[in-house]
>>> print(open('input19.txt').read())   # compact mmCIF, C-alpha atoms and all ligand atoms
# COMPACT_ATOMS: atom_id res chain seq x y z
CA MET S 15 108.29 54.12 86.58
CA ILE S 16 110.78 53.30 83.89
CA PRO S 17 113.14 50.51 84.94
CA ALA S 18 116.88 50.99 84.72
CA GLY S 19 117.90 50.66 81.10
CA GLY S 20 114.33 51.25 79.97
CA ALA S 21 113.03 54.00 77.76
CA ALA S 22 109.88 56.01 77.35
CA ILE S 23 108.25 58.30 74.86
CA THR S 24 106.42 61.23 76.44
CA GLU S 25 104.27 63.96 74.98
CA PHE S 26 104.46 67.46 76.47
CA LYS S 27 102.02 70.30 76.23
CA CYS S 28 103.50 73.61 77.32
CA ASP S 29 101.50 76.81 77.97
CA VAL S 30 104.49 79.11 78.41
CA PRO S 31 107.88 79.40 76.75
CA ALA S 32 110.78 78.09 78.80
CA THR S 33 113.87 75.98 78.81
CA LEU S 34 112.71 72.91 80.65
CA ILE S 35 115.30 70.69 82.28
CA LEU S 36 114.50 67.01 82.04
CA VAL S 37 116.02 65.14 84.93
CA ASP S 38 116.79 61.49 85.11
CA HIS S 39 116.11 60.64 88.71
CA SER S 40 118.72 58.01 88.59
CA ILE S 41 120.69 61.03 89.58
CA PHE S 42 124.20 59.56 89.54
CA ARG S 43 123.77 58.61 85.96
CA ALA S 44 122.53 62.09 85.29
CA PHE S 45 125.67 63.63 86.74
CA ASN S 46 128.14 61.06 85.48
CA LYS S 47 126.86 60.51 82.02
CA GLY S 48 125.01 63.72 81.48
CA ALA S 49 121.65 62.05 81.15
CA LEU S 50 119.81 65.34 81.31
CA GLY S 51 117.79 66.90 78.59
CA MET S 52 116.81 70.44 77.91
CA LEU S 53 113.58 71.18 76.15
CA GLN S 54 113.45 74.59 74.59
CA VAL S 55 109.90 75.86 74.20
CA GLU S 56 109.38 79.10 72.29
CA GLY S 57 106.33 81.29 71.89
CA ALA S 58 104.46 84.18 73.42
CA GLU S 59 104.89 84.83 77.17
CA GLN S 60 101.87 84.32 79.40
CA LYS S 61 102.62 86.18 82.61
CA SER S 62 99.39 85.01 84.23
CA ILE S 63 100.68 81.45 84.11
CA TYR S 64 104.38 82.05 84.72
CA SER S 65 105.53 85.42 85.98
CA GLY S 66 109.08 84.90 84.82
CA GLN S 67 112.24 83.53 86.35
CA GLN S 68 112.69 84.66 89.96
CA ASP S 69 115.81 83.19 91.48
CA ASP S 70 117.69 79.94 91.01
CA ARG S 71 120.00 80.21 93.97
CA ILE S 72 118.03 78.13 96.45
CA TYR S 73 118.03 75.24 94.02
CA GLN S 74 121.77 75.15 93.66
CA ALA S 75 123.77 72.52 95.41
CA GLU S 76 126.29 74.66 97.31
CA GLY S 77 124.73 73.98 100.69
CA GLY S 78 123.05 75.93 103.44
CA ALA S 79 125.04 79.10 102.86
CA VAL S 80 123.05 80.03 99.81
CA GLN S 81 119.73 78.51 100.84
CA THR S 82 117.98 81.80 101.40
CA MET S 83 115.91 83.74 98.94
CA PRO S 84 116.88 87.40 98.66
CA SER S 85 114.23 89.47 100.38
CA GLU S 86 112.08 91.49 98.09
CA PRO S 87 111.17 95.06 98.91
CA LYS S 88 107.83 95.06 100.72
CA VAL S 89 104.94 96.33 98.66
CA ALA S 90 102.75 98.52 100.84
CA ALA S 91 99.14 97.44 100.96
CA LEU S 92 96.89 99.71 98.95
CA PRO S 93 94.84 102.08 101.09
CA LEU S 94 91.21 101.06 101.32
CA THR S 95 88.57 102.90 99.33
CA LYS S 96 85.87 104.77 101.22
CA GLU S 97 83.36 102.02 100.40
CA GLU S 98 85.70 99.36 101.79
CA LYS S 99 86.22 101.43 104.94
CA MET S 100 82.45 101.69 105.38
CA THR S 101 82.00 97.92 105.17
CA LYS S 102 84.89 97.13 107.49
CA GLY S 103 84.09 100.06 109.77
CA LYS S 104 80.54 98.84 110.25
CA ALA S 105 81.80 95.45 111.47
CA ILE S 106 84.42 97.06 113.73
CA TYR S 107 81.79 99.39 115.19
CA ALA S 108 79.55 96.43 115.98
CA SER S 109 82.31 94.48 117.70
CA THR S 110 84.18 97.34 119.40
CA CYS S 111 82.10 100.47 119.97
CA GLN S 112 78.51 99.35 120.01
CA ALA S 113 78.54 97.92 123.53
CA CYS S 114 78.93 101.44 124.89
CA HIS S 115 77.72 103.79 122.16
CA GLN S 116 74.83 101.51 121.12
CA ALA S 117 73.73 100.22 117.71
CA ASP S 118 71.97 103.47 116.81
CA GLY S 119 74.96 105.53 117.99
CA LYS S 120 72.78 107.38 120.50
CA GLY S 121 74.73 106.20 123.53
CA ILE S 122 73.21 105.87 126.99
CA ALA S 123 72.10 108.94 128.93
CA ASN S 124 74.56 110.05 131.61
CA ALA S 125 76.99 107.26 130.79
CA PHE S 126 77.99 106.98 127.14
CA PRO S 127 77.76 110.07 124.93
CA PRO S 128 76.11 109.85 121.52
CA LEU S 129 78.08 109.48 118.31
CA ALA S 130 74.82 110.25 116.50
CA ALA S 131 74.87 113.82 115.17
CA SER S 132 77.60 114.54 117.71
CA ASP S 133 78.76 118.15 117.87
CA PHE S 134 81.86 116.99 119.76
CA PHE S 135 83.77 116.00 116.62
CA ALA S 136 81.65 117.76 113.98
CA SER S 137 84.23 120.45 113.32
CA ASP S 138 87.25 118.25 114.06
CA PRO S 139 86.88 114.62 112.95
CA SER S 140 90.37 113.81 114.28
CA LYS S 141 88.77 113.79 117.75
CA ILE S 142 87.19 110.43 116.88
CA VAL S 143 90.64 109.06 116.12
CA THR S 144 92.28 110.35 119.31
CA ALA S 145 89.38 109.07 121.43
CA ILE S 146 90.20 105.60 120.06
CA THR S 147 94.00 105.82 120.09
CA HIS S 148 94.42 107.56 123.45
CA GLY S 149 91.12 106.98 125.19
CA LEU S 150 89.05 109.87 126.56
CA SER S 151 88.22 110.90 130.10
CA GLY S 152 87.22 113.93 132.08
CA LYS S 153 84.32 116.28 131.65
CA ILE S 154 83.08 116.77 128.09
CA THR S 155 79.92 118.23 126.60
CA VAL S 156 78.20 116.52 123.71
CA ASN S 157 75.07 118.04 122.17
CA GLY S 158 74.45 120.17 125.26
CA LYS S 159 74.74 117.34 127.78
CA SER S 160 77.78 116.81 129.94
CA TYR S 161 79.53 113.51 130.51
CA ASP S 162 82.34 112.67 132.86
CA GLY S 163 83.24 109.11 132.07
CA VAL S 164 86.19 107.09 130.96
CA MET S 165 86.58 105.66 127.48
CA PRO S 166 89.52 103.25 127.49
CA LYS S 167 91.78 103.40 124.46
CA GLN S 168 90.89 100.70 121.97
CA THR S 169 93.44 98.31 120.56
CA LEU S 170 92.79 98.59 116.84
CA SER S 171 95.23 98.88 113.94
CA ASP S 172 95.69 102.17 112.07
CA ALA S 173 93.72 100.77 109.14
CA GLN S 174 90.90 99.59 111.42
CA ILE S 175 90.69 102.99 113.09
CA ALA S 176 90.57 104.76 109.71
CA SER S 177 87.70 102.45 108.77
CA VAL S 178 85.64 102.78 111.95
CA ALA S 179 86.13 106.57 112.14
CA THR S 180 85.07 106.92 108.50
CA TYR S 181 82.06 104.74 109.26
CA VAL S 182 81.05 106.93 112.24
CA LEU S 183 81.50 110.12 110.19
CA ASN S 184 79.16 108.78 107.51
CA SER S 185 76.56 107.22 109.79
CA PHE S 186 74.13 108.19 112.55
CA GLY S 187 73.32 111.57 110.98
CA ASN S 188 76.90 112.84 111.02
CA LYS S 189 78.02 115.07 108.22
CA GLY S 190 80.34 112.75 106.28
CA GLY S 191 84.04 112.80 105.58
CA GLU S 192 86.87 110.33 105.46
CA ILE S 193 89.81 109.48 107.71
CA LYS S 194 93.00 108.21 106.10
CA GLU S 195 95.27 105.61 107.62
CA THR S 196 98.21 108.06 107.36
CA GLU S 197 96.30 110.57 109.52
CA VAL S 198 95.80 107.90 112.17
CA VAL S 199 99.54 107.19 112.16
CA LYS S 200 100.24 110.88 112.87
CA LEU S 201 97.52 111.25 115.51
CA ARG S 202 98.60 108.12 117.33
CA LYS S 203 101.90 109.73 118.35
C1 LIG S 301 83.83 100.92 127.27
C2 LIG S 301 82.91 101.81 126.65
C3 LIG S 301 83.33 102.50 125.36
C4 LIG S 301 83.77 101.90 124.21
C5 LIG S 301 83.99 100.44 123.92
C6 LIG S 301 83.95 102.99 123.28
N1 LIG S 301 83.69 104.18 123.86
FE1 LIG S 301 83.75 106.00 122.99
N2 LIG S 301 83.28 106.89 124.75
C7 LIG S 301 83.00 106.23 125.93
C8 LIG S 301 82.83 107.18 126.99
C9 LIG S 301 82.51 106.87 128.44
C10 LIG S 301 83.04 108.45 126.43
C11 LIG S 301 83.01 109.80 127.16
C12 LIG S 301 84.36 110.08 127.82
C13 LIG S 301 84.31 111.30 128.74
O1 LIG S 301 83.29 111.53 129.37
O2 LIG S 301 85.33 112.03 128.79
C14 LIG S 301 83.29 108.22 125.02
C15 LIG S 301 83.50 109.23 124.09
C16 LIG S 301 83.66 109.04 122.73
C17 LIG S 301 83.74 110.10 121.73
C18 LIG S 301 83.67 111.60 121.98
C19 LIG S 301 82.29 112.05 122.42
C20 LIG S 301 81.20 111.88 121.39
O3 LIG S 301 80.21 111.22 121.73
O4 LIG S 301 81.31 112.37 120.27
C21 LIG S 301 83.89 109.49 120.53
C22 LIG S 301 84.02 110.17 119.16
C23 LIG S 301 83.92 108.05 120.76
N3 LIG S 301 83.76 107.82 122.12
C24 LIG S 301 84.07 107.12 119.76
C25 LIG S 301 84.19 105.75 120.00
C26 LIG S 301 84.45 104.78 118.96
C27 LIG S 301 84.52 105.08 117.47
C28 LIG S 301 84.57 103.57 119.58
C29 LIG S 301 84.90 102.24 118.96
C30 LIG S 301 86.14 102.15 118.21
C31 LIG S 301 84.36 103.79 121.00
N4 LIG S 301 84.14 105.12 121.20
C32 LIG S 301 84.37 102.80 121.95
C33 LIG S 301 82.92 104.86 126.08
C34 LIG S 301 83.29 103.92 125.14
>>> encode(input="input19.txt", output="structure tokens")
Amino acid sequence: MIPAGGAAITEFKCDVPATLILVDHSIFRAFNKGALGMLQVEGAEQKSIYSGQQDDRIYQAEGGAVQTMPSEPKVAALPLTKEEKMTKGKAIYASTCQACHQADGKGIANAFPPLAASDFFASDPSKIVTAITHGLSGKITVNGKSYDGVMPKQTLSDAQIASVATYVLNSFGNKGGEIKETEVVKLRK
């Protein structure tokens, strides 16, 4: 704290170039006498420290009318890689599907059909997706055995469904493949 009328000598170290505004917090003196300083620092940019000037408007004194930041266009999240889907899918399977289809994917005779080496979706992997998004009921045949149960639709996001379906396709002796989030969006309709 520098008392009114006092002075101080300060040393600055600056990692990025900028024009730094030095403010006297005795703010009336700053406005009335111009007791503000500007420190011009030059040198190479370092974007990892300071990405560059964004917007000054919210700092201006015009009042509430300009106190909003302009919204930036949303950057879509990058789609997950197959490896990421496998890791997430495994966890989703354990928390969402396993209770019925079992940890080994073999299901329970006469109640829950197997996802292990299932011929039900072997030629059409989108059937995994629609079973999750719309539920599945009525008589079906899986690996030669018939089932007539009800699978309620599961409340999972498109990304979660892409992950768990990819996990099922690449686990339990199924033949592999990958489901994209964009496919889930289409199939959900
Ligand atoms: C509440 C129990 C239950 C849960 C939870 C459940 N299912 Fe099912 N699932 C069933 C039943 C019952 C059927 C058979 C429906 C029928 O007979 O028409 C089925 C059928 C299926 C089928 C088609 C038949 C086959 O075996 O290939 C797939 C694929 C499937 N489920 C995937 C999943 C996935 C993936 C999840 C987790 C996201 C899941 N299920 C969660 C009960 C469940």
>>> residues_near_ligand(input="input19.txt", ligand="ligand LIG 301 (chain S)", cutoff="8 Å", atoms="only C-alpha atoms and all ligand atoms", output="MDAnalysis selection string")
chainID S and resid 106:107 110:115 121 125:130 132:135 141:143 145:146 149:156 160:168 170 175 178:179 182
>>> atom_distance(input="input19.txt", atom1="CA of Gly51 in chain S", atom2="CA of Val30 in chain S")
18.1 Å
>>> residues_around(input="input19.txt", residues="Ser140 in chain S", least_positions_apart="6", cutoff="12 Å", atoms="all atoms listed in the file", output="PyMOL selection string")
chain S and resi 134+146-148+175-176+179-180+182-183+191-202
>>> axis_aligned_box(input="input19.txt", around="range 99-111 of chain S", padding_each_side="3 Å", output="AutoDock Vina command-line options")
--center_x 82.9 --center_y 98.1 --center_z 112.5 --size_x 12.7 --size_y 13.2 --size_z 21.0
>>> residues_around(input="input19.txt", residues="range 57-62 of chain S", least_positions_apart="6", cutoff="12 Å", atoms="all atoms listed in the file", output="ChimeraX atom specification")
/S:28-33
>>> write_last_selection(input="input19.txt", atoms="C-alpha atoms", output="compact mmCIF listing (two decimals), keeping the file's coordinate frame")
# COMPACT_ATOMS: atom_id res chain seq x y z
CA CYS S 28 103.50 73.61 77.32
CA ASP S 29 101.50 76.81 77.97
CA VAL S 30 104.49 79.11 78.41
CA PRO S 31 107.88 79.40 76.75
CA ALA S 32 110.78 78.09 78.80
CA THR S 33 113.87 75.98 78.81
>>> atom_distance(input="input19.txt", atom1="CA of Glu98 in chain S", atom2="CA of Tyr181 in chain S")
9.9 Å
>>> atom_distance(input="input19.txt", atom1="CA of Asp118 in chain S", atom2="CA of Ala173 in chain S")
23.2 Å
>>> closest_residue(input="input19.txt", among="S:Ser65, S:Ala91, S:Gly20, S:Gly190", to="Asp138 in chain S", atoms="all atoms listed in the file")
S:Gly190
>>> closest_residue(input="input19.txt", among="S:Gly103, S:Leu36, S:Ile122, S:Thr24", to="Ser171 in chain S", atoms="only C-alpha atoms")
S:Gly103
>>> closest_residue(input="input19.txt", among="S:Ile63, S:Val89, S:Leu94, S:Ile23", to="Ser177 in chain S", atoms="only C-alpha atoms")
S:Leu94
